[in-house]
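Shown next, in structure tokens, is the structure this report addresses.
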Amino acid sequence: MNSPTSLQELVEALRCLPGVGPKSAQRMAYHLLQRDQAGAARLGRALTQALALIHHCERCNTFTEEPVCELCRSPRRDNSLLCVVETPADLLMMEQAQVFRGQYFVLMGRLSPLDGVGPRELHLDRLVRRAADGAVKEIVLATNFTVEGEATAHYIGEILRAKGLKVSRIARGLPVGGELEHVDSGTLAQAVLERREMLS
Ligand SMILES: [Zn+2]
């Protein structure tokens, strides 16, 4: 058997990306080699650099080039609130919403037994240690409202409540500017179930 050529190796390497099968990996490889060699070189350098410099924040587990990330070091954040999210992208969304002034813990995933992701793979022991640091007064679970995200929130909630910690879950609801007739019935049902008393 012949050893794989560098072209075959490139196609195989591209297949590590989620959702990329043999055909699209081949198309990407041809594109990079034929149409965008500068882009390909940049991609190679960026990957090498990112792999060398980026690791997980000691406190919140998000990606950072420092031992502790900028957000965790900020004196302006409220240390009594800890928000648990699935990914760094979710953290960014929360920050853009500008409603949360506490700290974060990024799970880097969700419980997914079928994919072999259990409590150990998610390093939930680190989350428990972080949440029980004495300063945290409330943990806000902001995992996704998918089956796996809900199961993850439920599991984490049980563990943290057993430690005597206060745990809350972000509410589901109608999108801002949303009209009832365009919302799916599951969302509308949750919005009714999680209704709040109108104060004044
Ligand atoms: Zn951090």
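Convention: chains lettered A, B, ... in structure tokens order; per-chain residue numbering from 1; ligands numbered from 1 as shown.
The strand (DSSP E) portion of region 6-199 of chain A consists of His55, His56, Phe63, Thr64, Asp78, Asn79, Ser80, Leu81, Leu82, Cys83, Val84, Val85, Gly102, Gln103, Tyr104, Phe105, Val106, Glu138, Ile139, Val140, Leu141, Lys166, Val167, Ser168 and Arg169 of chain A, with states taken from DSSP on the backbone.
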Output N, CA, C and O atoms for every residue in that selection, as a short mmCIF file (atom, residue, chain, number, x, y, z; two decimals), in the first residue's frame.
```cif
data_model
loop_
_atom_site.label_atom_id
_atom_site.label_comp_id
_atom_site.auth_asym_id
_atom_site.auth_seq_id
_atom_site.Cartn_x
_atom_site.Cartn_y
_atom_site.Cartn_z
N HIS A 55 -5.35 28.20 26.17
CA HIS A 55 -5.70 27.12 27.10
C HIS A 55 -6.94 27.57 27.88
O HIS A 55 -7.54 28.59 27.57
N HIS A 56 -7.29 26.82 28.92
CA HIS A 56 -8.50 27.15 29.68
C HIS A 56 -8.18 28.01 30.90
O HIS A 56 -7.20 27.77 31.60
N PHE A 63 -11.69 29.87 27.03
CA PHE A 63 -10.39 29.97 26.35
C PHE A 63 -9.72 31.28 26.71
O PHE A 63 -10.36 32.33 26.75
N THR A 64 -8.42 31.23 26.96
CA THR A 64 -7.67 32.45 27.26
C THR A 64 -6.19 32.18 27.01
O THR A 64 -5.77 31.03 26.94
N ASP A 78 -19.52 41.05 39.78
CA ASP A 78 -20.13 40.65 41.05
C ASP A 78 -19.76 39.19 41.35
O ASP A 78 -20.22 38.28 40.67
N ASN A 79 -18.92 38.99 42.37
CA ASN A 79 -18.44 37.64 42.69
C ASN A 79 -19.49 36.75 43.33
O ASN A 79 -19.25 35.56 43.53
N SER A 80 -20.65 37.33 43.67
CA SER A 80 -21.67 36.51 44.35
C SER A 80 -22.55 35.77 43.35
O SER A 80 -23.34 34.92 43.73
N LEU A 81 -22.43 36.12 42.06
CA LEU A 81 -23.24 35.46 41.02
C LEU A 81 -22.34 34.67 40.08
O LEU A 81 -21.34 35.18 39.59
N LEU A 82 -22.71 33.41 39.85
CA LEU A 82 -21.93 32.57 38.93
C LEU A 82 -22.87 31.98 37.89
O LEU A 82 -23.80 31.24 38.22
N CYS A 83 -22.63 32.33 36.63
CA CYS A 83 -23.49 31.86 35.54
C CYS A 83 -22.81 30.70 34.80
O CYS A 83 -21.65 30.81 34.40
N VAL A 84 -23.52 29.60 34.65
CA VAL A 84 -22.96 28.42 33.98
C VAL A 84 -23.49 28.37 32.54
O VAL A 84 -24.70 28.35 32.32
N VAL A 85 -22.56 28.39 31.57
CA VAL A 85 -22.95 28.31 30.16
C VAL A 85 -22.23 27.13 29.51
O VAL A 85 -21.26 26.60 30.06
N GLY A 102 -22.18 39.21 36.88
CA GLY A 102 -21.45 38.27 37.73
C GLY A 102 -20.31 37.60 37.01
O GLY A 102 -19.80 38.09 36.00
N GLN A 103 -19.91 36.44 37.52
CA GLN A 103 -18.84 35.65 36.94
C GLN A 103 -19.43 34.47 36.17
O GLN A 103 -20.62 34.19 36.29
N TYR A 104 -18.57 33.78 35.43
CA TYR A 104 -19.05 32.65 34.61
C TYR A 104 -18.29 31.37 34.93
O TYR A 104 -17.18 31.40 35.46
N PHE A 105 -18.92 30.25 34.56
CA PHE A 105 -18.19 29.01 34.40
C PHE A 105 -18.63 28.40 33.07
O PHE A 105 -19.82 28.25 32.81
N VAL A 106 -17.65 28.10 32.22
CA VAL A 106 -17.95 27.57 30.88
C VAL A 106 -17.71 26.06 30.88
O VAL A 106 -16.59 25.59 31.12
N GLU A 138 -25.27 32.69 44.43
CA GLU A 138 -26.29 32.13 43.54
C GLU A 138 -25.64 31.66 42.25
O GLU A 138 -24.80 32.37 41.68
N ILE A 139 -26.05 30.47 41.80
CA ILE A 139 -25.57 29.94 40.53
C ILE A 139 -26.72 30.01 39.53
O ILE A 139 -27.80 29.49 39.79
N VAL A 140 -26.49 30.69 38.42
CA VAL A 140 -27.52 30.85 37.38
C VAL A 140 -27.20 29.87 36.25
O VAL A 140 -26.18 29.99 35.58
N LEU A 141 -28.08 28.89 36.05
CA LEU A 141 -27.82 27.89 35.01
C LEU A 141 -28.36 28.40 33.67
O LEU A 141 -29.56 28.60 33.51
N LYS A 166 -27.63 28.14 46.39
CA LYS A 166 -28.85 28.60 45.72
C LYS A 166 -28.65 28.50 44.20
O LYS A 166 -27.68 29.03 43.66
N VAL A 167 -29.57 27.83 43.55
CA VAL A 167 -29.44 27.61 42.11
C VAL A 167 -30.67 28.15 41.39
O VAL A 167 -31.80 27.90 41.81
N SER A 168 -30.46 28.90 40.30
CA SER A 168 -31.60 29.34 39.50
C SER A 168 -31.36 28.96 38.04
O SER A 168 -30.24 28.64 37.64
N ARG A 169 -32.43 28.98 37.26
CA ARG A 169 -32.36 28.62 35.84
C ARG A 169 -32.90 29.80 35.06
O ARG A 169 -33.95 30.36 35.43
#
```
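With a cut-off of 7 Å and using only C-alpha atoms and all ligand atoms, the polymer residues contacting ligand 1 are Cys57, Glu58, Arg59, Cys60, Asn61, Thr62, Val68, Cys69, Glu70, Leu71 and Cys72 of chain A.
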*Would you kindly return, as a list in words, each protein, DNA or RNA residue with an atom no farther than 10 Å from any atom of Gly134 (chain A), considering only C-alpha atoms and excluding same-chain residues fewer than 3 positions away?*
Asn79, Ser80, Arg129, Arg130, Ala131, Lys137 and Leu165 of chain A
For N, CA and C atoms, I'd like the residues from the last selection saved as a PDB file, in the first residue's frame.
```pdb
ATOM      1  N   ASN A  79     -18.920  38.994  42.370  1.00  0.00           N
ATOM      2  CA  ASN A  79     -18.436  37.645  42.686  1.00  0.00           C
ATOM      3  C   ASN A  79     -19.490  36.749  43.329  1.00  0.00           C
ATOM      4  N   SER A  80     -20.652  37.327  43.672  1.00  0.00           N
ATOM      5  CA  SER A  80     -21.667  36.515  44.347  1.00  0.00           C
ATOM      6  C   SER A  80     -22.547  35.767  43.352  1.00  0.00           C
ATOM      7  N   ARG A 129     -16.182  22.983  42.866  1.00  0.00           N
ATOM      8  CA  ARG A 129     -15.191  23.693  43.685  1.00  0.00           C
ATOM      9  C   ARG A 129     -15.312  25.195  43.496  1.00  0.00           C
ATOM     10  N   ARG A 130     -15.500  25.616  42.239  1.00  0.00           N
ATOM     11  CA  ARG A 130     -15.610  27.041  41.931  1.00  0.00           C
ATOM     12  C   ARG A 130     -16.847  27.634  42.610  1.00  0.00           C
ATOM     13  N   ALA A 131     -17.968  26.890  42.546  1.00  0.00           N
ATOM     14  CA  ALA A 131     -19.237  27.400  43.082  1.00  0.00           C
ATOM     15  C   ALA A 131     -19.220  27.450  44.606  1.00  0.00           C
ATOM     16  N   LYS A 137     -23.038  33.304  45.858  1.00  0.00           N
ATOM     17  CA  LYS A 137     -24.292  33.190  46.595  1.00  0.00           C
ATOM     18  C   LYS A 137     -25.405  32.579  45.741  1.00  0.00           C
ATOM     19  N   LEU A 165     -26.198  25.282  48.071  1.00  0.00           N
ATOM     20  CA  LEU A 165     -26.079  26.494  47.273  1.00  0.00           C
ATOM     21  C   LEU A 165     -27.405  26.842  46.604  1.00  0.00           C
TER      22      LEU A 165
END
```
Excluding Gly118 (chain A) and residues on its chain fewer than 3 positions from it, collect all residues at most 12 Å away from it, counting only C-alpha atoms, and give them as a compact mmCIF listing (two decimals) with N, CA, C and O atoms, in the first residue's frame.
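The result, written out as result34.txt:
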```
# COMPACT_ATOMS: atom_id res chain seq x y z
N LEU A 107 -18.76 25.31 30.61
CA LEU A 107 -18.67 23.84 30.66
C LEU A 107 -17.85 23.27 29.51
O LEU A 107 -17.31 22.18 29.61
N GLY A 109 -19.19 22.27 26.75
CA GLY A 109 -19.99 21.13 26.28
C GLY A 109 -21.23 20.97 27.12
O GLY A 109 -21.65 21.89 27.82
N ARG A 110 -21.81 19.80 27.04
CA ARG A 110 -23.01 19.46 27.81
C ARG A 110 -22.99 17.98 28.05
O ARG A 110 -22.29 17.26 27.33
N LEU A 111 -23.72 17.54 29.05
CA LEU A 111 -23.80 16.10 29.28
C LEU A 111 -24.45 15.45 28.06
O LEU A 111 -25.49 15.90 27.59
N SER A 112 -23.81 14.41 27.56
CA SER A 112 -24.32 13.73 26.38
C SER A 112 -23.85 12.28 26.43
O SER A 112 -22.85 11.92 25.79
N PRO A 113 -24.56 11.46 27.21
CA PRO A 113 -24.10 10.09 27.44
C PRO A 113 -23.87 9.31 26.15
O PRO A 113 -22.92 8.53 26.06
N LEU A 114 -24.70 9.57 25.13
CA LEU A 114 -24.56 8.82 23.87
C LEU A 114 -23.24 9.14 23.18
O LEU A 114 -22.70 8.33 22.43
N ASP A 115 -22.72 10.36 23.39
CA ASP A 115 -21.43 10.74 22.81
C ASP A 115 -20.28 10.52 23.78
O ASP A 115 -19.17 10.99 23.55
N GLU A 121 -16.07 14.01 32.05
CA GLU A 121 -15.56 14.67 30.85
C GLU A 121 -15.81 16.18 30.91
O GLU A 121 -15.05 16.98 30.37
N LEU A 122 -16.89 16.59 31.57
CA LEU A 122 -17.21 18.02 31.67
C LEU A 122 -16.48 18.69 32.85
O LEU A 122 -16.64 19.87 33.07
N HIS A 123 -15.69 17.91 33.60
CA HIS A 123 -14.96 18.45 34.76
C HIS A 123 -15.90 19.15 35.73
O HIS A 123 -15.62 20.26 36.19
N LEU A 124 -17.02 18.50 36.02
CA LEU A 124 -17.99 19.13 36.92
C LEU A 124 -17.45 19.30 38.33
O LEU A 124 -17.91 20.15 39.08
N ASP A 125 -16.42 18.49 38.69
CA ASP A 125 -15.81 18.67 40.01
C ASP A 125 -15.20 20.06 40.12
O ASP A 125 -15.23 20.68 41.19
N GLU A 148 -30.36 17.86 25.92
CA GLU A 148 -29.10 17.67 26.63
C GLU A 148 -28.80 18.85 27.56
O GLU A 148 -28.31 18.66 28.68
N ALA A 151 -30.98 18.49 30.61
CA ALA A 151 -30.49 17.41 31.47
C ALA A 151 -29.25 17.86 32.23
O ALA A 151 -29.08 17.56 33.41
N THR A 152 -28.39 18.62 31.54
CA THR A 152 -27.17 19.13 32.17
C THR A 152 -27.52 20.08 33.31
O THR A 152 -26.96 19.99 34.40
N TYR A 155 -28.90 18.11 36.27
CA TYR A 155 -27.85 17.36 36.97
C TYR A 155 -27.00 18.30 37.83
O TYR A 155 -26.76 18.04 39.02
N ILE A 156 -26.56 19.41 37.25
CA ILE A 156 -25.72 20.37 37.98
C ILE A 156 -26.52 20.97 39.14
O ILE A 156 -26.00 21.14 40.25
```
For Ala29 (chain A), the closest of A:Leu17, A:Leu43, A:Leu7, A:Ile170 counting only C-alpha atoms is A:Leu7
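Among the candidates A:Ala89, A:Leu47, A:Ile54, A:Ala97, the residue lying nearest to Val176 (chain A) is A:Ala97 (atoms considered: only C-alpha atoms).
Atom to atom, CA of Met93 (chain A) and CA of Glu181 (chain A) stand 26.2 Å apart.
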- Could you please write out, as a PyMOL selection string, every residue of chain A that DSSP assigns to alpha helix (DSSP H)? chain A and resi 6-14+22-30+37-53+70-73+88-97+124-131+147-162+185-193
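Across the structure, CA of Gln26 (chain A) and CA of Ala52 (chain A) are spaced 27.1 Å apart.
Of the listed residues A:Val136, A:Ser74, A:Arg27, A:Gln34, the one whose atoms come nearest to Arg15 (chain A) is A:Arg27, with distances taken using only C-alpha atoms.
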Can you list, as a count of residues only, every protein, DNA or RNA residue that comes within 12 Å of Val11 (chain A) when you count only C-alpha atoms, leaving out same-chain residues fewer than 3 positions away? 23
